[in-house]
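S.K.: Compact mmCIF, C-alpha atoms, file coords-v9.txt:
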# COMPACT_ATOMS: atom_id res chain seq x y z
CA MET A 1 34.61 42.89 -47.16
CA THR A 2 32.29 42.92 -44.16
CA ASP A 3 28.98 41.12 -43.67
CA ARG A 4 26.56 44.07 -43.63
CA SER A 5 23.36 42.06 -43.25
CA LYS A 6 23.23 42.67 -39.49
CA SER A 7 22.63 46.27 -38.50
CA ASN A 8 24.66 47.86 -35.69
CA PRO A 9 23.82 50.81 -33.39
CA GLY A 10 24.28 54.19 -35.10
CA GLU A 11 23.34 52.87 -38.52
CA VAL A 12 20.67 54.53 -40.67
CA GLN A 13 18.39 52.72 -43.12
CA VAL A 14 16.22 54.49 -45.71
CA ALA A 15 13.24 53.50 -47.85
CA LEU A 16 14.41 52.79 -51.41
CA PRO A 17 12.36 53.77 -54.48
CA PRO A 18 9.78 51.12 -55.47
CA ALA A 19 11.23 50.54 -58.96
CA PHE A 20 14.57 50.48 -60.70
CA ASP A 21 15.64 53.15 -63.20
CA ALA A 22 17.98 51.05 -65.38
CA GLY A 23 19.14 47.48 -65.91
CA LEU A 24 22.47 45.68 -65.93
CA HIS A 25 23.84 42.71 -67.84
CA PHE A 26 26.24 40.41 -66.03
CA ILE A 27 29.02 40.10 -68.63
CA GLY A 28 31.13 37.42 -66.95
CA ARG A 29 32.28 36.03 -63.61
CA ILE A 30 35.23 36.64 -61.32
CA ARG A 31 37.06 33.56 -60.05
CA THR A 32 38.80 34.01 -56.69
CA PRO A 33 40.04 31.70 -53.91
CA TRP A 34 37.37 33.00 -51.48
CA ARG A 35 34.16 31.00 -50.99
CA SER A 36 32.71 32.90 -48.00
CA ILE A 37 32.62 36.56 -46.99
CA ALA A 38 34.62 35.71 -43.86
CA ASP A 39 37.46 34.44 -46.08
CA CYS A 40 37.66 37.57 -48.29
CA PRO A 41 40.46 40.09 -47.77
CA LYS A 42 39.30 43.24 -45.94
CA ASN A 43 40.16 45.37 -48.98
CA SER A 44 41.85 44.98 -52.33
CA GLY A 45 45.09 46.42 -50.93
CA GLU A 46 45.41 43.20 -48.95
CA ALA A 47 44.41 41.04 -51.90
CA ASP A 48 47.58 39.46 -53.24
CA ALA A 49 46.04 36.36 -54.78
CA ILE A 50 45.94 35.86 -58.53
CA CYS A 51 42.30 35.85 -59.67
CA THR A 52 40.73 35.35 -63.07
CA ILE A 53 38.11 37.37 -64.87
CA GLU A 54 36.08 35.15 -67.19
CA LEU A 55 34.24 37.23 -69.75
CA ASP A 56 31.18 35.70 -71.46
CA ALA A 57 32.08 34.59 -74.98
CA ARG A 58 29.74 37.06 -76.69
CA TYR A 59 31.78 39.99 -75.35
CA ALA A 60 35.24 38.52 -76.06
CA PRO A 61 35.94 40.71 -79.15
CA GLY A 62 35.74 43.66 -76.75
CA LEU A 63 39.08 42.63 -75.22
CA LYS A 64 41.03 43.69 -78.34
CA ASP A 65 44.05 45.75 -77.16
CA VAL A 66 43.30 45.18 -73.45
CA GLU A 67 46.52 43.15 -73.30
CA THR A 68 48.47 46.39 -73.84
CA CYS A 69 47.22 47.78 -70.49
CA THR A 70 49.23 47.33 -67.30
CA HIS A 71 46.23 48.06 -65.05
CA LEU A 72 42.47 47.78 -65.46
CA ILE A 73 39.41 49.01 -63.59
CA ALA A 74 37.02 46.16 -62.77
CA LEU A 75 33.40 46.91 -61.89
CA TYR A 76 31.46 44.06 -60.33
CA TRP A 77 28.17 43.39 -58.59
CA MET A 78 27.85 42.85 -54.84
CA GLY A 79 24.19 41.89 -55.16
CA GLU A 80 23.85 40.09 -51.83
CA ALA A 81 24.55 43.21 -49.79
CA PRO A 82 21.66 45.29 -48.37
CA ARG A 83 21.06 48.48 -50.38
CA ASP A 84 19.24 50.65 -47.86
CA MET A 85 21.93 51.37 -45.22
CA VAL A 86 23.09 54.94 -45.82
CA VAL A 87 25.00 55.20 -42.52
CA GLN A 88 27.01 52.15 -41.55
CA GLN A 89 29.25 51.04 -38.73
CA PRO A 90 31.58 48.33 -40.00
CA LYS A 91 32.77 46.36 -36.99
CA HIS A 92 36.45 47.08 -37.56
CA TYR A 93 35.86 50.87 -37.53
CA GLY A 94 33.72 51.16 -34.39
CA VAL A 95 32.03 54.45 -35.35
CA PRO A 96 29.40 55.14 -38.03
CA HIS A 97 30.26 56.61 -41.45
CA GLY A 98 28.16 57.60 -44.43
CA VAL A 99 28.00 54.95 -47.14
CA PHE A 100 29.54 57.38 -49.66
CA ALA A 101 32.59 57.74 -47.40
CA LEU A 102 32.99 53.93 -47.31
CA ARG A 103 33.91 51.23 -49.82
CA SER A 104 31.40 48.85 -48.21
CA PRO A 105 29.59 46.51 -50.66
CA ALA A 106 26.33 47.59 -48.99
CA ARG A 107 25.23 50.66 -50.96
CA PRO A 108 22.19 51.84 -52.97
CA ASN A 109 23.83 50.49 -56.13
CA PRO A 110 26.16 47.70 -55.00
CA ILE A 111 28.75 48.26 -57.74
CA ALA A 112 32.28 47.55 -56.49
CA MET A 113 35.32 49.06 -58.18
CA SER A 114 38.84 47.68 -57.97
CA VAL A 115 42.01 48.65 -59.77
CA VAL A 116 43.74 45.44 -60.83
CA THR A 117 47.15 44.60 -62.24
CA LEU A 118 46.80 42.69 -65.51
CA LEU A 119 49.10 39.65 -65.51
CA SER A 120 47.97 37.96 -68.72
CA ALA A 121 45.15 37.79 -71.24
CA ASP A 122 44.18 34.53 -72.95
CA GLY A 123 41.03 34.52 -75.04
CA ALA A 124 38.14 35.64 -72.85
CA THR A 125 40.10 35.09 -69.61
CA LEU A 126 42.22 37.68 -67.81
CA ARG A 127 44.60 36.82 -64.96
CA VAL A 128 44.76 39.73 -62.53
CA ARG A 129 45.91 40.72 -59.06
CA GLY A 130 44.01 43.11 -56.77
CA LEU A 131 40.54 41.65 -56.31
CA ASP A 132 38.96 40.93 -52.93
CA CYS A 133 35.55 39.49 -53.81
CA LEU A 134 33.79 36.15 -53.52
CA ASP A 135 34.34 33.45 -56.11
CA GLY A 136 31.63 33.69 -58.76
CA THR A 137 31.01 37.44 -58.37
CA PRO A 138 29.23 38.86 -61.45
CA LEU A 139 31.33 41.13 -63.67
CA LEU A 140 29.85 44.41 -64.93
CA ASP A 141 32.65 46.18 -66.77
CA ILE A 142 36.37 46.38 -67.50
CA LYS A 143 38.03 49.70 -68.31
CA PRO A 144 41.59 50.73 -69.13
CA TYR A 145 43.26 52.58 -66.25
CA PHE A 146 44.72 55.89 -67.40
CA ALA A 147 47.25 57.28 -64.90
CA SER A 148 46.70 60.77 -66.33
CA THR A 149 43.11 60.93 -65.04
CA ASP A 150 42.77 58.03 -62.58
CA ALA A 151 45.94 58.25 -60.45
CA LYS A 152 45.77 60.74 -57.56
CA PRO A 153 48.66 59.63 -55.34
CA ASP A 154 48.20 62.56 -52.94
CA ALA A 155 44.51 61.89 -52.28
CA ARG A 156 43.51 61.64 -48.63
CA VAL A 157 40.51 60.20 -46.82
CA GLY A 158 40.53 62.35 -43.71
CA TRP A 159 38.36 60.23 -41.43
CA HIS A 160 40.45 57.16 -42.25
CA ASP A 161 43.81 58.89 -41.81
CA LYS A 162 42.68 60.27 -38.46
CA ARG A 163 41.71 56.81 -37.27
CA LYS A 164 45.19 55.53 -38.11
CA GLY A 165 46.82 58.48 -36.33
CA GLY A 166 47.90 60.03 -39.64
CA SER A 167 47.93 63.75 -40.26
CA MET B 1 32.76 61.88 -75.03
CA THR B 2 32.00 60.72 -78.57
CA ASP B 3 28.63 60.17 -80.21
CA ARG B 4 28.66 56.39 -80.68
CA SER B 5 25.21 56.04 -82.21
CA LYS B 6 26.60 55.88 -85.75
CA SER B 7 28.67 52.80 -86.53
CA ASN B 8 31.96 53.12 -88.41
CA PRO B 9 33.85 50.53 -90.52
CA GLY B 10 35.75 48.00 -88.41
CA GLU B 11 33.21 48.08 -85.59
CA VAL B 12 31.63 44.92 -84.16
CA GLN B 13 28.12 44.69 -82.72
CA VAL B 14 26.83 41.70 -80.72
CA ALA B 15 23.41 40.44 -79.70
CA LEU B 16 22.76 41.31 -76.06
CA PRO B 17 20.91 38.97 -73.67
CA PRO B 18 17.11 39.39 -73.79
CA ALA B 19 16.77 40.34 -70.10
CA PHE B 20 18.66 42.25 -67.44
CA ASP B 21 20.31 40.54 -64.47
CA ALA B 22 20.09 43.38 -61.93
CA GLY B 23 18.60 46.83 -61.45
CA LEU B 24 19.93 50.28 -60.62
CA HIS B 25 18.53 53.24 -58.72
CA PHE B 26 19.46 56.70 -59.94
CA ILE B 27 20.49 58.37 -56.67
CA GLY B 28 20.92 61.93 -57.93
CA ARG B 29 21.91 64.08 -60.89
CA ILE B 30 25.13 65.65 -62.11
CA ARG B 31 24.98 69.33 -63.10
CA THR B 32 27.54 70.39 -65.71
CA PRO B 33 27.88 73.24 -68.22
CA TRP B 34 27.44 70.86 -71.18
CA ARG B 35 24.03 70.51 -72.82
CA SER B 36 25.04 68.46 -75.88
CA ILE B 37 27.49 65.63 -76.49
CA ALA B 38 29.40 67.86 -78.93
CA ASP B 39 30.03 70.34 -76.12
CA CYS B 40 31.40 67.80 -73.64
CA PRO B 41 35.17 67.57 -73.01
CA LYS B 42 36.76 64.58 -74.75
CA ASN B 43 37.78 63.12 -71.38
CA SER B 44 37.79 64.08 -67.74
CA GLY B 45 41.45 65.08 -67.94
CA GLU B 46 40.32 68.01 -70.08
CA ALA B 47 37.38 68.80 -67.80
CA ASP B 48 38.33 71.83 -65.74
CA ALA B 49 34.85 73.16 -65.08
CA ILE B 50 33.33 73.11 -61.62
CA CYS B 51 30.32 70.78 -61.63
CA THR B 52 27.85 69.83 -58.93
CA ILE B 53 26.61 66.47 -57.79
CA GLU B 54 23.07 66.71 -56.44
CA LEU B 55 22.23 63.69 -54.36
CA ASP B 56 18.55 62.84 -53.82
CA ALA B 57 17.46 63.89 -50.32
CA ARG B 58 16.73 60.35 -49.16
CA TYR B 59 20.41 59.42 -49.51
CA ALA B 60 21.83 62.61 -47.95
CA PRO B 61 22.76 61.01 -44.58
CA GLY B 62 25.14 58.82 -46.59
CA LEU B 63 27.41 61.83 -47.15
CA LYS B 64 28.55 61.87 -43.50
CA ASP B 65 32.38 62.22 -43.48
CA VAL B 66 32.60 62.61 -47.27
CA GLU B 67 33.77 66.18 -46.66
CA THR B 68 37.01 64.76 -45.23
CA CYS B 69 37.94 63.27 -48.64
CA THR B 70 40.11 65.19 -51.10
CA HIS B 71 39.03 63.01 -54.05
CA LEU B 72 35.99 60.90 -54.83
CA ILE B 73 35.06 58.27 -57.39
CA ALA B 74 31.82 59.13 -59.18
CA LEU B 75 29.90 56.42 -61.03
CA TYR B 76 27.20 57.64 -63.40
CA TRP B 77 24.91 56.34 -66.11
CA MET B 78 25.47 56.95 -69.82
CA GLY B 79 22.12 55.44 -70.71
CA GLU B 80 21.78 57.01 -74.16
CA ALA B 81 24.81 55.21 -75.57
CA PRO B 82 24.39 51.96 -77.55
CA ARG B 83 25.30 48.88 -75.47
CA ASP B 84 26.06 46.33 -78.19
CA MET B 85 29.26 47.69 -79.80
CA VAL B 86 32.11 45.52 -78.52
CA VAL B 87 34.65 46.84 -81.04
CA GLN B 88 34.55 50.58 -81.68
CA GLN B 89 36.36 53.10 -83.79
CA PRO B 90 36.04 56.53 -82.17
CA LYS B 91 36.62 59.11 -84.88
CA HIS B 92 39.57 60.73 -83.16
CA TYR B 93 41.46 57.40 -82.96
CA GLY B 94 41.01 56.18 -86.54
CA VAL B 95 41.50 52.48 -85.78
CA PRO B 96 39.18 50.05 -83.97
CA HIS B 97 39.68 49.06 -80.33
CA GLY B 98 37.85 46.68 -78.01
CA VAL B 99 35.30 48.38 -75.77
CA PHE B 100 37.16 47.15 -72.68
CA ALA B 101 40.30 48.97 -73.86
CA LEU B 102 38.29 52.22 -74.22
CA ARG B 103 36.55 54.62 -71.86
CA SER B 104 33.74 55.15 -74.39
CA PRO B 105 30.27 55.60 -72.87
CA ALA B 106 29.02 52.96 -75.32
CA ARG B 107 29.50 49.65 -73.44
CA PRO B 108 27.39 46.66 -72.34
CA ASN B 109 26.81 48.37 -68.99
CA PRO B 110 27.15 52.12 -69.65
CA ILE B 111 28.57 52.97 -66.22
CA ALA B 112 31.09 55.81 -66.42
CA MET B 113 33.73 56.29 -63.74
CA SER B 114 35.53 59.55 -63.02
CA VAL B 115 37.91 60.54 -60.26
CA VAL B 116 36.89 64.01 -59.08
CA THR B 117 38.45 66.60 -56.80
CA LEU B 118 36.05 67.53 -54.01
CA LEU B 119 35.86 71.32 -53.66
CA SER B 120 33.04 71.62 -51.11
CA ALA B 121 30.10 69.75 -49.60
CA ASP B 122 26.90 71.53 -48.62
CA GLY B 123 23.96 69.39 -47.57
CA ALA B 124 23.17 66.99 -50.42
CA THR B 125 25.25 68.96 -52.95
CA LEU B 126 28.93 68.42 -53.75
CA ARG B 127 31.00 70.84 -55.81
CA VAL B 128 33.64 68.92 -57.76
CA ARG B 129 36.13 69.20 -60.59
CA GLY B 130 36.90 66.42 -63.09
CA LEU B 131 33.59 65.49 -64.73
CA ASP B 132 33.02 65.46 -68.49
CA CYS B 133 29.37 64.41 -68.83
CA LEU B 134 26.12 65.98 -69.99
CA ASP B 135 24.11 68.18 -67.66
CA GLY B 136 21.47 66.04 -65.93
CA THR B 137 23.42 62.78 -66.08
CA PRO B 138 22.05 60.24 -63.55
CA LEU B 139 24.32 59.50 -60.59
CA LEU B 140 24.86 55.89 -59.48
CA ASP B 141 27.43 56.02 -56.70
CA ILE B 142 30.04 58.06 -54.88
CA LYS B 143 33.04 56.37 -53.26
CA PRO B 144 36.03 57.66 -51.29
CA TYR B 145 39.27 57.53 -53.33
CA PHE B 146 42.01 55.70 -51.46
CA ALA B 147 45.46 56.42 -52.90
CA SER B 148 46.75 53.20 -51.34
CA THR B 149 44.63 51.02 -53.62
CA ASP B 150 43.35 53.33 -56.37
CA ALA B 151 46.45 55.33 -57.41
CA LYS B 152 48.72 53.59 -59.92
CA PRO B 153 50.82 56.45 -61.29
CA ASP B 154 53.00 54.12 -63.38
CA ALA B 155 50.07 52.49 -65.19
CA ARG B 156 50.30 52.45 -69.00
CA VAL B 157 47.76 51.94 -71.76
CA GLY B 158 50.03 50.58 -74.46
CA TRP B 159 47.83 51.16 -77.52
CA HIS B 160 47.25 54.76 -76.43
CA ASP B 161 50.91 55.51 -75.67
CA LYS B 162 51.94 54.07 -79.04
CA ARG B 163 49.46 56.32 -80.80
CA LYS B 164 50.95 59.37 -79.11
CA GLY B 165 54.48 58.24 -80.03
CA GLY B 166 55.27 57.34 -76.40
CA SER B 167 57.42 54.37 -75.45
Could you rewrite the structure in this file as structure tokens?

M.R.:
Amino acid sequence: MTDRSKSNPGEVQVALPPAFDAGLHFIGRIRTPWRSIADCPKNSGEADAICTIELDARYAPGLKDVETCTHLIALYWMGEAPRDMVVQQPKHYGVPHGVFALRSPARPNPIAMSVVTLLSADGATLRVRGLDCLDGTPLLDIKPYFASTDAKPDARVGWHDKRKGGS
Amino acid sequence: MTDRSKSNPGEVQVALPPAFDAGLHFIGRIRTPWRSIADCPKNSGEADAICTIELDARYAPGLKDVETCTHLIALYWMGEAPRDMVVQQPKHYGVPHGVFALRSPARPNPIAMSVVTLLSADGATLRVRGLDCLDGTPLLDIKPYFASTDAKPDARVGWHDKRKGGS
């Protein structure tokens, strides 16, 4: 995760609509070891720590059968990121990219998505691996990960591969 | 997609909080061949049709470099689904499951996630394969799909495998 509150050369900001179109409920909190953005792993691939997802009690019946899943999709809210930067230049990339070609938390709707490995489920608490967010991050959703539709092992992100010298 | 407006035996509804915690902007629309829920494919794995994602013009600069991606993650809003059904019994399953073990559009935050194959990008319009939603569905986000963190080909959903007679 990168601090996107300071704009860099090459970045593009847009005027956002004056009102929202829909509303979200925070349904729980994510507990991680990271208390500042500087401490967070750069992406969930580097996030080896065991984290916990604490679902609010009212939603706990919704976890029925989740324990039978090996992997889950977690959606969570990066609400402190700016929402108007449609072209961004994260410092570690050095050149600007469109927000929809980036996993930056700064986006028109700052919904982050991570695929996590489920380690255990106990009541309204899930122990998982694969998160990279700040401690206390609001949870939006949990979904079962279906390899049949969600796993695309041959997928490529061309601009990123090129940067690494890949084909 | 299943019509979840009618509750079935074994389902559990909860009281939702009286106010929202955050707001969303609809950033575009998804164009599909399906004009009613009954017409929609049951899941994106059965969705072979070519659909288009029409991003609002203000966000178009954010598509820079998206054309280099083979696959994208689309987040979209299933706002007509009930949000209070934490245990659900979709008709084609016959037994109740927790909402967080299902990909039902009826969930506390009705954000759907599909992995799509990018066929072409032209201005603010993307042609994709892999969507299963109604024509006109509001778009929330587009993200690049990174196989390194998003592809888990060995993932299992135990309750679903058991139903199919899998191991």

S.K.: Tell me, in Å to one decimal, how far atom CA of Ile50 of chain A is from atom CA of Ile142 of chain A.

M.R.: 16.8 Å

S.K.: Dig up all the protein and nucleic acid residues within 9 Å of (30.3, 52.5, -46.7) in the file frame, using only C-alpha atoms, and format them as number ranges by chain.

M.R.: A: 85-90, 97-107; B: 62, 143-144

S.K.: How would chain B read as an mmCIF file with C-alpha atoms, keeping the file's coordinate frame once least-squares superposed on chain A using all paired C-alpha atoms?

M.R.:
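What landed in selection-v8.cif:
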data_model
loop_
_atom_site.group_PDB
_atom_site.id
_atom_site.type_symbol
_atom_site.label_atom_id
_atom_site.label_comp_id
_atom_site.auth_asym_id
_atom_site.auth_seq_id
_atom_site.Cartn_x
_atom_site.Cartn_y
_atom_site.Cartn_z
ATOM 1 C CA MET B 1 34.615 42.883 -47.183
ATOM 2 C CA THR B 2 32.284 42.952 -44.181
ATOM 3 C CA ASP B 3 28.987 41.150 -43.700
ATOM 4 C CA ARG B 4 26.558 44.084 -43.647
ATOM 5 C CA SER B 5 23.357 42.089 -43.274
ATOM 6 C CA LYS B 6 23.211 42.687 -39.518
ATOM 7 C CA SER B 7 22.610 46.285 -38.482
ATOM 8 C CA ASN B 8 24.648 47.844 -35.675
ATOM 9 C CA PRO B 9 23.814 50.806 -33.381
ATOM 10 C CA GLY B 10 24.295 54.176 -35.076
ATOM 11 C CA GLU B 11 23.333 52.861 -38.505
ATOM 12 C CA VAL B 12 20.677 54.527 -40.672
ATOM 13 C CA GLN B 13 18.400 52.717 -43.119
ATOM 14 C CA VAL B 14 16.232 54.487 -45.720
ATOM 15 C CA ALA B 15 13.265 53.495 -47.851
ATOM 16 C CA LEU B 16 14.417 52.803 -51.403
ATOM 17 C CA PRO B 17 12.353 53.763 -54.474
ATOM 18 C CA PRO B 18 9.791 51.099 -55.461
ATOM 19 C CA ALA B 19 11.234 50.539 -58.959
ATOM 20 C CA PHE B 20 14.586 50.478 -60.707
ATOM 21 C CA ASP B 21 15.644 53.143 -63.206
ATOM 22 C CA ALA B 22 17.984 51.051 -65.378
ATOM 23 C CA GLY B 23 19.145 47.485 -65.915
ATOM 24 C CA LEU B 24 22.476 45.679 -65.935
ATOM 25 C CA HIS B 25 23.832 42.704 -67.843
ATOM 26 C CA PHE B 26 26.259 40.427 -66.040
ATOM 27 C CA ILE B 27 29.018 40.094 -68.651
ATOM 28 C CA GLY B 28 31.128 37.430 -66.949
ATOM 29 C CA ARG B 29 32.275 36.033 -63.618
ATOM 30 C CA ILE B 30 35.224 36.638 -61.325
ATOM 31 C CA ARG B 31 37.064 33.554 -60.041
ATOM 32 C CA THR B 32 38.800 34.009 -56.684
ATOM 33 C CA PRO B 33 40.034 31.714 -53.901
ATOM 34 C CA TRP B 34 37.366 32.997 -51.481
ATOM 35 C CA ARG B 35 34.162 31.014 -50.992
ATOM 36 C CA SER B 36 32.727 32.914 -48.005
ATOM 37 C CA ILE B 37 32.608 36.566 -46.990
ATOM 38 C CA ALA B 38 34.634 35.724 -43.865
ATOM 39 C CA ASP B 39 37.457 34.462 -46.075
ATOM 40 C CA CYS B 40 37.655 37.555 -48.282
ATOM 41 C CA PRO B 41 40.465 40.106 -47.767
ATOM 42 C CA LYS B 42 39.278 43.238 -45.957
ATOM 43 C CA ASN B 43 40.148 45.365 -48.998
ATOM 44 C CA SER B 44 41.838 45.005 -52.342
ATOM 45 C CA GLY B 45 45.069 46.435 -50.943
ATOM 46 C CA GLU B 46 45.387 43.218 -48.945
ATOM 47 C CA ALA B 47 44.403 41.045 -51.908
ATOM 48 C CA ASP B 48 47.571 39.467 -53.252
ATOM 49 C CA ALA B 49 46.034 36.368 -54.785
ATOM 50 C CA ILE B 50 45.933 35.847 -58.527
ATOM 51 C CA CYS B 51 42.303 35.835 -59.671
ATOM 52 C CA THR B 52 40.727 35.359 -63.075
ATOM 53 C CA ILE B 53 38.110 37.359 -64.886
ATOM 54 C CA GLU B 54 36.072 35.152 -67.206
ATOM 55 C CA LEU B 55 34.238 37.229 -69.751
ATOM 56 C CA ASP B 56 31.187 35.705 -71.461
ATOM 57 C CA ALA B 57 32.085 34.588 -74.995
ATOM 58 C CA ARG B 58 29.737 37.043 -76.690
ATOM 59 C CA TYR B 59 31.758 39.983 -75.348
ATOM 60 C CA ALA B 60 35.217 38.514 -76.060
ATOM 61 C CA PRO B 61 35.935 40.696 -79.143
ATOM 62 C CA GLY B 62 35.734 43.654 -76.754
ATOM 63 C CA LEU B 63 39.066 42.620 -75.219
ATOM 64 C CA LYS B 64 41.025 43.673 -78.330
ATOM 65 C CA ASP B 65 44.049 45.740 -77.158
ATOM 66 C CA VAL B 66 43.307 45.165 -73.459
ATOM 67 C CA GLU B 67 46.528 43.144 -73.306
ATOM 68 C CA THR B 68 48.463 46.389 -73.835
ATOM 69 C CA CYS B 69 47.207 47.764 -70.482
ATOM 70 C CA THR B 70 49.228 47.321 -67.293
ATOM 71 C CA HIS B 71 46.216 48.058 -65.054
ATOM 72 C CA LEU B 72 42.467 47.774 -65.455
ATOM 73 C CA ILE B 73 39.408 48.996 -63.589
ATOM 74 C CA ALA B 74 37.022 46.152 -62.778
ATOM 75 C CA LEU B 75 33.403 46.909 -61.891
ATOM 76 C CA TYR B 76 31.458 44.050 -60.329
ATOM 77 C CA TRP B 77 28.171 43.383 -58.589
ATOM 78 C CA MET B 78 27.836 42.852 -54.840
ATOM 79 C CA GLY B 79 24.192 41.895 -55.166
ATOM 80 C CA GLU B 80 23.863 40.089 -51.833
ATOM 81 C CA ALA B 81 24.557 43.202 -49.775
ATOM 82 C CA PRO B 82 21.668 45.285 -48.370
ATOM 83 C CA ARG B 83 21.079 48.478 -50.394
ATOM 84 C CA ASP B 84 19.259 50.654 -47.858
ATOM 85 C CA MET B 85 21.947 51.370 -45.224
ATOM 86 C CA VAL B 86 23.094 54.950 -45.808
ATOM 87 C CA VAL B 87 25.001 55.198 -42.515
ATOM 88 C CA GLN B 88 27.020 52.134 -41.541
ATOM 89 C CA GLN B 89 29.249 51.038 -38.729
ATOM 90 C CA PRO B 90 31.598 48.324 -39.997
ATOM 91 C CA LYS B 91 32.782 46.366 -36.980
ATOM 92 C CA HIS B 92 36.450 47.080 -37.549
ATOM 93 C CA TYR B 93 35.860 50.869 -37.523
ATOM 94 C CA GLY B 94 33.706 51.170 -34.395
ATOM 95 C CA VAL B 95 32.034 54.453 -35.360
ATOM 96 C CA PRO B 96 29.396 55.135 -38.033
ATOM 97 C CA HIS B 97 30.254 56.604 -41.436
ATOM 98 C CA GLY B 98 28.159 57.600 -44.439
ATOM 99 C CA VAL B 99 28.005 54.947 -47.149
ATOM 100 C CA PHE B 100 29.546 57.377 -49.647
ATOM 101 C CA ALA B 101 32.602 57.742 -47.390
ATOM 102 C CA LEU B 102 33.007 53.926 -47.310
ATOM 103 C CA ARG B 103 33.910 51.231 -49.815
ATOM 104 C CA SER B 104 31.414 48.830 -48.208
ATOM 105 C CA PRO B 105 29.607 46.519 -50.647
ATOM 106 C CA ALA B 106 26.341 47.566 -48.982
ATOM 107 C CA ARG B 107 25.236 50.656 -50.970
ATOM 108 C CA PRO B 108 22.196 51.830 -52.966
ATOM 109 C CA ASN B 109 23.825 50.490 -56.133
ATOM 110 C CA PRO B 110 26.166 47.685 -55.007
ATOM 111 C CA ILE B 111 28.758 48.251 -57.740
ATOM 112 C CA ALA B 112 32.278 47.541 -56.489
ATOM 113 C CA MET B 113 35.312 49.062 -58.182
ATOM 114 C CA SER B 114 38.838 47.680 -57.976
ATOM 115 C CA VAL B 115 42.017 48.651 -59.769
ATOM 116 C CA VAL B 116 43.745 45.431 -60.827
ATOM 117 C CA THR B 117 47.156 44.595 -62.242
ATOM 118 C CA LEU B 118 46.808 42.696 -65.511
ATOM 119 C CA LEU B 119 49.090 39.644 -65.497
ATOM 120 C CA SER B 120 47.976 37.957 -68.731
ATOM 121 C CA ALA B 121 45.136 37.789 -71.247
ATOM 122 C CA ASP B 122 44.176 34.542 -72.951
ATOM 123 C CA GLY B 123 41.032 34.536 -75.059
ATOM 124 C CA ALA B 124 38.129 35.633 -72.851
ATOM 125 C CA THR B 125 40.094 35.089 -69.618
ATOM 126 C CA LEU B 126 42.217 37.676 -67.808
ATOM 127 C CA ARG B 127 44.590 36.823 -64.975
ATOM 128 C CA VAL B 128 44.763 39.734 -62.536
ATOM 129 C CA ARG B 129 45.905 40.735 -59.074
ATOM 130 C CA GLY B 130 44.017 43.120 -56.768
ATOM 131 C CA LEU B 131 40.531 41.653 -56.310
ATOM 132 C CA ASP B 132 38.963 40.929 -52.922
ATOM 133 C CA CYS B 133 35.547 39.487 -53.811
ATOM 134 C CA LEU B 134 33.777 36.146 -53.525
ATOM 135 C CA ASP B 135 34.351 33.440 -56.105
ATOM 136 C CA GLY B 136 31.632 33.690 -58.767
ATOM 137 C CA THR B 137 31.023 37.423 -58.383
ATOM 138 C CA PRO B 138 29.230 38.848 -61.463
ATOM 139 C CA LEU B 139 31.332 41.130 -63.662
ATOM 140 C CA LEU B 140 29.856 44.411 -64.934
ATOM 141 C CA ASP B 141 32.655 46.174 -66.780
ATOM 142 C CA ILE B 142 36.360 46.362 -67.502
ATOM 143 C CA LYS B 143 38.012 49.693 -68.313
ATOM 144 C CA PRO B 144 41.583 50.717 -69.142
ATOM 145 C CA TYR B 145 43.261 52.581 -66.246
ATOM 146 C CA PHE B 146 44.713 55.889 -67.387
ATOM 147 C CA ALA B 147 47.245 57.279 -64.906
ATOM 148 C CA SER B 148 46.692 60.759 -66.337
ATOM 149 C CA THR B 149 43.121 60.932 -65.047
ATOM 150 C CA ASP B 150 42.767 58.045 -62.582
ATOM 151 C CA ALA B 151 45.945 58.259 -60.450
ATOM 152 C CA LYS B 152 45.788 60.744 -57.572
ATOM 153 C CA PRO B 153 48.660 59.637 -55.337
ATOM 154 C CA ASP B 154 48.203 62.574 -52.947
ATOM 155 C CA ALA B 155 44.517 61.871 -52.288
ATOM 156 C CA ARG B 156 43.513 61.637 -48.613
ATOM 157 C CA VAL B 157 40.510 60.192 -46.817
ATOM 158 C CA GLY B 158 40.528 62.359 -43.719
ATOM 159 C CA TRP B 159 38.350 60.234 -41.420
ATOM 160 C CA HIS B 160 40.453 57.171 -42.246
ATOM 161 C CA ASP B 161 43.820 58.900 -41.784
ATOM 162 C CA LYS B 162 42.679 60.300 -38.433
ATOM 163 C CA ARG B 163 41.708 56.833 -37.273
ATOM 164 C CA LYS B 164 45.171 55.530 -38.102
ATOM 165 C CA GLY B 165 46.788 58.475 -36.287
ATOM 166 C CA GLY B 166 47.910 60.050 -39.584
ATOM 167 C CA SER B 167 47.956 63.794 -40.151
#

S.K.: What is the distance between atom CA of Leu131 of chain B and atom CA of Gly28 of chain B, in Å to one decimal?

M.R.: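 For atom CA of Leu131 of chain B relative to atom CA of Gly28 of chain B, the distance reads 14.8 Å.
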
S.K.: So how far away is atom CA of Ile53 of chain A from atom CA of Met78 of chain A, in Å?

M.R.: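 Taking atom CA of Met78 of chain A as the start and atom CA of Ile53 of chain A as the end point, the length is 15.4 Å.
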